[in-house]
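**Student:** Okay, so here is coords-v1.txt, and as you'll see once you scroll down, it has compact mmCIF, C-alpha atoms.
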# COMPACT_ATOMS: atom_id res chain seq x y z
CA MET Q 1 31.34 -5.72 11.72
CA VAL Q 2 30.90 -9.37 10.91
CA TYR Q 3 27.81 -11.12 9.62
CA GLN Q 4 26.68 -14.70 9.69
CA GLN Q 5 23.95 -16.28 7.59
CA THR Q 6 21.94 -19.23 8.92
CA LYS Q 7 18.43 -20.65 8.55
CA HIS Q 8 15.45 -20.74 10.93
CA LEU Q 9 12.21 -22.40 9.79
CA HIS Q 10 11.68 -21.02 6.26
CA TYR Q 11 13.55 -17.79 7.00
CA GLN Q 12 17.14 -16.86 6.26
CA ILE Q 13 18.78 -15.21 9.27
CA LEU Q 14 21.37 -12.48 8.78
CA LYS Q 15 23.07 -11.94 12.12
CA LEU Q 16 24.99 -8.66 12.37
CA THR Q 17 27.72 -8.30 14.99
CA GLY Q 18 29.56 -5.11 15.97
CA GLU Q 19 29.06 -1.76 14.25
CA VAL Q 20 27.48 -0.97 10.87
CA ASP Q 21 28.53 2.31 9.28
CA LEU Q 22 29.31 3.69 5.82
CA HIS Q 23 32.48 1.58 5.69
CA ASN Q 24 30.69 -1.76 5.84
CA SER Q 25 27.00 -1.13 5.09
CA PRO Q 26 27.57 -1.96 1.36
CA GLN Q 27 28.47 -5.53 2.45
CA VAL Q 28 25.26 -5.78 4.47
CA ARG Q 29 23.27 -4.40 1.54
CA LYS Q 30 24.74 -6.92 -0.89
CA GLN Q 31 23.97 -9.83 1.43
CA LEU Q 32 20.49 -8.69 2.36
CA LEU Q 33 19.37 -7.98 -1.20
CA ALA Q 34 20.82 -11.31 -2.41
CA ILE Q 35 18.71 -13.21 0.17
CA LEU Q 36 15.53 -11.40 -0.89
CA LYS Q 37 16.26 -11.79 -4.62
CA ASN Q 38 16.58 -15.52 -3.98
CA GLY Q 39 12.97 -15.43 -2.80
CA SER Q 40 13.54 -15.92 0.95
CA SER Q 41 12.06 -13.93 3.79
CA VAL Q 42 14.74 -12.66 6.15
CA LEU Q 43 15.29 -12.18 9.85
CA VAL Q 44 17.89 -9.51 10.53
CA ASP Q 45 19.35 -10.38 13.92
CA PHE Q 46 20.34 -7.21 15.80
CA SER Q 47 21.03 -8.94 19.14
CA SER Q 48 24.83 -8.56 18.83
CA LEU Q 49 24.74 -5.25 16.96
CA SER Q 50 26.10 -2.33 18.98
CA TYR Q 51 25.80 0.52 16.43
CA ILE Q 52 24.09 1.34 13.15
CA ASP Q 53 24.20 4.62 11.22
CA SER Q 54 21.91 6.07 8.55
CA SER Q 55 23.66 4.15 5.74
CA GLY Q 56 22.77 0.90 7.55
CA ILE Q 57 19.23 2.10 8.19
CA ALA Q 58 18.90 3.13 4.52
CA THR Q 59 19.98 -0.39 3.56
CA LEU Q 60 17.24 -1.84 5.77
CA VAL Q 61 14.67 0.52 4.24
CA GLU Q 62 15.69 -0.52 0.72
CA ALA Q 63 15.50 -4.19 1.68
CA PHE Q 64 12.16 -3.66 3.43
CA ASN Q 65 10.71 -2.08 0.27
CA LEU Q 66 12.06 -4.92 -1.88
CA ALA Q 67 10.63 -7.52 0.51
CA LYS Q 68 7.24 -5.80 0.49
CA ASN Q 69 7.13 -5.63 -3.32
CA SER Q 70 8.19 -9.30 -3.52
CA LYS Q 71 5.57 -10.38 -0.95
CA LEU Q 72 8.34 -11.49 1.43
CA LEU Q 73 8.96 -10.57 5.06
CA LEU Q 74 11.83 -8.65 6.61
CA THR Q 75 11.84 -8.85 10.39
CA ILE Q 76 14.28 -7.28 12.83
CA VAL Q 77 15.10 -9.49 15.79
CA GLY Q 78 16.45 -8.45 19.21
CA ALA Q 79 17.19 -4.76 18.67
CA VAL Q 80 18.45 -3.16 21.91
CA GLY Q 81 20.62 -0.22 22.98
CA ALA Q 82 21.94 2.24 20.37
CA PRO Q 83 20.45 0.48 17.29
CA LEU Q 84 17.00 0.49 18.92
CA GLN Q 85 17.45 4.18 19.79
CA VAL Q 86 18.09 4.96 16.09
CA LEU Q 87 15.04 3.00 14.97
CA GLU Q 88 12.90 4.84 17.54
CA LEU Q 89 14.36 8.23 16.64
CA THR Q 90 13.45 7.72 12.98
CA ASN Q 91 10.08 6.12 13.88
CA LEU Q 92 11.11 3.16 11.76
CA ASN Q 93 10.31 0.90 14.71
CA LYS Q 94 6.69 1.54 13.67
CA VAL Q 95 7.41 0.66 10.03
CA PHE Q 96 9.55 -2.47 10.36
CA HIS Q 97 8.23 -5.72 11.77
CA MET Q 98 10.25 -6.19 14.98
CA VAL Q 99 10.39 -9.02 17.50
CA ASP Q 100 12.39 -9.53 20.69
CA SER Q 101 13.81 -12.97 19.92
CA LEU Q 102 13.76 -15.88 17.49
CA ASP Q 103 11.30 -17.61 19.85
CA ASP Q 104 8.72 -15.05 18.72
CA ILE Q 105 8.95 -16.27 15.12
CA LYS Q 106 6.33 -18.76 14.07
CA GLY Q 107 6.59 -20.98 11.03
CA MET M 1 35.65 27.36 27.06
CA LYS M 2 37.72 24.24 27.70
CA LEU M 3 39.22 22.15 24.89
CA ILE M 4 38.36 18.49 25.53
CA ARG M 5 39.62 16.90 22.30
CA TYR M 6 41.53 17.89 19.16
CA GLU M 7 42.01 15.18 16.54
CA GLN M 8 42.72 15.00 12.80
CA TYR M 9 41.60 12.23 10.48
CA ASN M 10 41.79 11.28 6.83
CA ALA M 11 38.48 11.56 5.00
CA CYS M 12 38.12 7.79 4.82
CA THR M 13 35.31 5.55 6.03
CA THR M 14 37.83 3.43 7.99
CA GLN M 15 38.25 6.45 10.29
CA LEU M 16 34.59 6.63 11.33
CA CYS M 17 35.02 4.03 14.07
CA LYS M 18 37.96 5.99 15.55
CA ILE M 19 35.98 9.24 15.40
CA ARG M 20 33.05 7.66 17.26
CA THR M 21 35.42 6.33 19.92
CA GLU M 22 36.96 9.78 20.47
CA VAL M 23 33.53 11.41 20.66
CA ARG M 24 32.37 8.82 23.19
CA PHE M 25 35.44 9.47 25.37
CA ALA M 26 34.84 13.22 25.19
CA CYS M 27 31.15 12.82 26.08
CA GLN M 28 31.98 10.55 29.00
CA ALA M 29 34.43 13.17 30.28
CA MET M 30 31.63 15.75 30.15
CA GLY M 31 29.25 13.50 32.12
CA TYR M 32 26.67 12.59 29.49
CA PRO M 33 24.59 9.46 30.18
CA GLU M 34 25.09 6.43 27.94
CA THR M 35 21.93 7.06 25.89
CA ASP M 36 23.06 10.60 25.02
CA ILE M 37 26.60 9.41 24.28
CA ASN M 38 25.26 6.93 21.71
CA LEU M 39 23.22 9.62 20.00
CA ILE M 40 25.94 12.30 19.99
CA ALA M 41 28.43 9.77 18.54
CA LEU M 42 25.82 9.02 15.86
CA ALA M 43 25.33 12.71 15.02
CA ILE M 44 29.08 13.34 14.66
CA ASP M 45 29.47 10.14 12.63
CA GLU M 46 26.69 11.27 10.29
CA ALA M 47 28.31 14.69 9.86
CA CYS M 48 31.69 13.07 9.07
CA THR M 49 29.99 10.67 6.66
CA ASN M 50 28.53 13.66 4.80
CA ILE M 51 31.97 15.33 4.67
CA ILE M 52 33.53 12.12 3.25
CA ARG M 53 30.73 11.55 0.72
CA PHE M 54 29.76 15.04 -0.38
CA ALA M 55 32.53 17.50 0.55
CA TYR M 56 35.51 15.35 -0.45
CA CYS M 57 33.51 13.10 -2.85
CA GLY M 58 35.49 10.06 -1.71
CA ASP M 59 38.96 11.70 -1.93
CA LYS M 60 40.69 9.91 0.95
CA SER M 61 43.54 12.43 1.08
CA GLY M 62 41.15 15.06 2.46
CA ARG M 63 41.44 16.00 6.14
CA ILE M 64 38.80 16.27 8.84
CA VAL M 65 39.61 18.11 12.07
CA LEU M 66 37.49 17.39 15.14
CA GLU M 67 37.53 19.79 18.09
CA VAL M 68 35.39 19.27 21.17
CA TYR M 69 34.90 22.08 23.71
CA GLN M 70 33.08 22.20 27.00
CA ALA M 71 31.42 25.58 27.51
CA GLU M 72 29.38 26.69 30.53
CA SER M 73 26.16 24.94 29.63
CA GLN M 74 26.89 23.06 26.43
CA ALA M 75 29.32 20.91 24.52
CA ILE M 76 30.52 22.31 21.21
CA PHE M 77 31.74 20.01 18.45
CA LEU M 78 33.57 21.61 15.52
CA LEU M 79 34.18 19.62 12.34
CA ARG M 80 36.45 21.27 9.81
CA ASP M 81 37.09 20.17 6.27
CA PHE M 82 39.23 21.78 3.57
CA ALA M 83 36.98 21.05 0.61
CA GLU M 84 34.93 23.53 -1.46
CA CYS M 85 32.73 25.86 0.60
CA ILE M 86 29.11 24.77 0.90
CA GLU M 87 25.94 26.83 1.36
CA GLU M 88 24.01 26.90 4.65
CA SER M 89 21.02 25.58 2.66
CA CYS M 90 22.86 22.23 2.36
CA LEU M 91 22.10 21.71 6.07
CA GLU M 92 18.32 22.06 5.63
CA VAL M 93 16.25 18.94 6.18
CA LYS M 94 13.69 18.37 3.47
CA SER M 95 10.48 16.88 4.81
CA LYS M 96 10.13 13.44 3.31
CA CYS M 97 8.88 9.91 3.68
CA LEU M 98 11.18 7.81 5.88
CA THR M 99 10.98 4.82 3.58
CA GLU M 100 12.44 6.80 0.67
CA PRO M 101 16.25 6.88 0.37
CA GLY M 102 18.46 9.90 1.14
CA GLY M 103 18.70 12.70 3.70
CA LEU M 104 18.27 10.52 6.80
CA GLY M 105 21.71 11.37 8.22
CA LEU M 106 21.02 15.10 8.19
CA GLN M 107 17.64 14.52 9.78
CA LEU M 108 19.27 12.54 12.60
CA ILE M 109 21.89 15.27 13.18
CA HIS M 110 19.16 17.90 13.61
CA GLN M 111 17.06 15.64 15.84
CA ILE M 112 19.97 14.84 18.17
CA MET M 113 21.82 18.15 18.44
CA ASP M 114 20.42 21.44 19.82
CA SER M 115 22.11 23.61 17.22
CA VAL M 116 23.69 22.88 13.83
CA GLN M 117 25.30 25.62 11.76
CA LEU M 118 28.18 26.50 9.49
CA ILE M 119 30.61 29.06 10.87
CA PRO M 120 33.11 30.94 8.71
CA PRO M 121 36.62 29.41 8.75
CA PRO M 122 39.29 31.92 9.87
CA ASP M 123 41.22 31.72 6.56
CA SER M 124 38.11 31.24 4.36
CA VAL M 125 39.27 27.76 3.38
CA GLY M 126 36.87 24.83 3.61
CA ASN M 127 33.96 24.57 6.03
CA ILE M 128 33.47 24.45 9.78
CA LEU M 129 30.34 22.72 11.01
CA GLU M 130 29.43 23.65 14.57
CA LEU M 131 27.20 21.29 16.53
CA LYS M 132 26.04 22.12 20.05
CA LYS M 133 24.44 19.97 22.73
CA ARG M 134 23.30 21.00 26.19
CA LEU M 135 25.39 19.49 28.96
CA PRO M 136 23.64 17.03 31.27
CA GLN M 137 22.16 18.65 34.39
CA GLY M 138 23.84 18.14 37.72
Please express what this file holds, its structure, as structure tokens.

**Tutor:**
Amino acid sequence: MVYQQTKHLHYQILKLTGEVDLHNSPQVRKQLLAILKNGSSVLVDFSSLSYIDSSGIATLVEAFNLAKNSKLLLTIVGAVGAPLQVLELTNLNKVFHMVDSLDDIKG
Amino acid sequence: MKLIRYEQYNACTTQLCKIRTEVRFACQAMGYPETDINLIALAIDEACTNIIRFAYCGDKSGRIVLEVYQAESQAIFLLRDFAECIEESCLEVKSKCLTEPGGLGLQLIHQIMDSVQLIPPPDSVGNILELKKRLPQG
């Protein structure tokens, strides 16, 4: 798994590439929580993500709760394939704010 | 019952990717569609994650044995560890709010697989988790 952090409008983008599992989800958690603690809303780009397990999903849930309590936004962008299946299986697709692409994000 | 795969791994998170790859190969060989393969690989990954975290408590010298069998109407995945024996109640899913931490992996395993149970190891050492999934039709 590799991640890349960029900016879009007033959002920080965290783009995840490859597979997120227990081995690397602590890295994602650290990065995601740091963005939110800095006071930025975050777009988590799933478009190049091929796999995510429950430790990755738990990280997103923790970040989502932190964002909500901090009046910030956490949005998942471009989830397809296996990661989308996991979100649907857990019904978290109804909890998280999800969009198909960055074009759907308005300033 | 036909043995499809037999592999051994260290109880280390670096092995999870290899385990998923082996499970995907085995599922492809048994004719599962891509969507099922993704989910079965997730269920086995979650079970191995629980073995690494809770059975071996992070001891990387522990061993995990994966066996995959094709029976008449179902695939059978056996995961053996050599840690302390656990109770069947450890496999129960507690009803909870999805946005609270913990227990999600076990919930996914039960949602994906048709049957999840502990079976007694032949020499009473460790645990064997048996997970079954119906084979695709046709």

**Student:** May I ask for the distance between atom CA of Ile76 of chain Q and atom CA of Lys15 of chain Q, given in Å to one decimal place?

**Tutor:**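 Distance reported for this atom pair: 10.0 Å.
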
**Student:** Nearest to chain Q: which of M:Lys94, M:Arg134, M:Arg63, M:Arg53 is it, counting all atoms listed in the file?

**Tutor:**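 Looking only at the distances to chain Q, the closest residue turns out to be M:Arg53.
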
**Student:** Counting all atoms listed in the file, which residues from chain M have an atom at most 10 Å from any atom of chain Q, and could you show them as a PyMOL selection string?

**Tutor:** chain M and resi 12-17+34-39+41-43+45-46+49+52-53+98-108+111-112

**Student:** Write out as a tab-separated table (two decimals) with C-alpha atoms, keeping the file's coordinate frame the residues lying within 9 Å of Tyr3 of chain Q, counting only C-alpha atoms and excluding same-chain residues fewer than 3 positions away.

**Tutor:**
chain	number	residue	atom	x	y	z
Q	14	LEU	CA	21.37	-12.48	8.78
Q	15	LYS	CA	23.07	-11.94	12.12
Q	16	LEU	CA	24.99	-8.66	12.37
Q	17	THR	CA	27.72	-8.30	14.99
Q	18	GLY	CA	29.56	-5.11	15.97
Q	28	VAL	CA	25.26	-5.78	4.47

**Student:** Would you compute the box with edges along x, y and z of the file around segment 124-137 of chain M, including every atom the file lists for it and 6 Å extra on each side, and give its centre and edge lengths in Å to one decimal, as JSON?

**Tutor:**
{"center_x": 30.7, "center_y": 24.1, "center_z": 18.9, "size_x": 29.1, "size_y": 26.2, "size_z": 43.0}

**Student:** Measuring between all atoms listed in the file, which one of Q:Ser40, Q:Ser101, Q:Ser47, Q:Asn93 shows the shortest distance to Lys71 of chain Q?

**Tutor:**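 Distance minimum relative to Lys71 of chain Q lands on Q:Ser40.
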
**Student:** Can you pull out the residues contacting Ala34 of chain Q? Cut-off 12 Å, using only C-alpha atoms, and skip same-chain residues under 5 positions away; I want them as a list in words.

**Tutor:**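 So, after excluding close chain neighbours, the residues are Gln5, Gln12, Leu14, Gln27, Val28, Arg29, Gly39, Ser40, Ser41, Val42, Ala63, Leu66 and Ala67 of chain Q.
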
**Student:** Excluding Pro122 of chain M and any residue of its chain fewer than 5 positions from it, enumerate the residues within 12 Å of it, using only C-alpha atoms, and give them as a list in words.

**Tutor:**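 Here the answer would be Arg80, Phe82, Asn127 and Ile128 of chain M.
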
**Student:** Neighbouring residues of Val116 of chain M were defined as those with any atom within 10 Å, considering only C-alpha atoms; residues of the same chain fewer than 5 positions away were excluded. Please report them as a list in words.

**Tutor:** Phe77, Leu91, Glu92, Leu106, Ile109, His110, Leu129, Glu130, Leu131, Lys132 and Lys133 of chain M

**Student:** Can you write out the residues you just picked, keeping C-alpha atoms, as a short mmCIF file (atom, residue, chain, number, x, y, z; two decimals), in the coordinates of the input?

**Tutor:**
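result.cif, freshly written:
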data_model
loop_
_atom_site.label_atom_id
_atom_site.label_comp_id
_atom_site.auth_asym_id
_atom_site.auth_seq_id
_atom_site.Cartn_x
_atom_site.Cartn_y
_atom_site.Cartn_z
CA PHE M 77 31.74 20.01 18.45
CA LEU M 91 22.10 21.71 6.07
CA GLU M 92 18.32 22.06 5.63
CA LEU M 106 21.02 15.10 8.19
CA ILE M 109 21.89 15.27 13.18
CA HIS M 110 19.16 17.90 13.61
CA LEU M 129 30.34 22.72 11.01
CA GLU M 130 29.43 23.65 14.57
CA LEU M 131 27.20 21.29 16.53
CA LYS M 132 26.04 22.12 20.05
CA LYS M 133 24.44 19.97 22.73
#

**Student:** So how many Å separate atom CA of Pro121 of chain M and atom CA of Gln28 of chain M, to one decimal?

**Tutor:**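 It comes out at 28.1 Å.
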
**Student:** Could you check the closest approach to Val125 of chain M for each of M:Ala26, M:Cys85, M:Met113, M:Ile40 and tell me which residue wins, using all atoms listed in the file?

**Tutor:**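 Ranked by minimum distance to Val125 of chain M, first place goes to M:Cys85.
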
**Student:** Using all atoms listed in the file, can you tell me which of M:Leu135, M:Ala83, M:Ala71, M:Ala29 comes closest to Phe54 of chain M?

**Tutor:**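 The answer is M:Ala83, which sits nearest to Phe54 of chain M.
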
**Student:** Have a look at M:Ile86, M:Ile4, M:Ala75, M:Ile19 and name the one nearest to Ile44 of chain M; count all atoms listed in the file.

**Tutor:**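 Using all atoms listed in the file, Ile44 of chain M sits closest to M:Ile19.
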
**Student:** What's the separation between atom CA of Gln70 of chain M and atom CA of Ile51 of chain M, in Å to one decimal place?

**Tutor:** 23.4 Å

**Student:** Using all atoms listed in the file, can you list as a list of chain:residue names the residues within 6 Å of (14.0, -5.9, 21.7)?

**Tutor:**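 Protein, DNA and RNA residues close to (14.0, -5.9, 21.7): Q:Gly78, Q:Ala79, Q:Val80, Q:Asp100.
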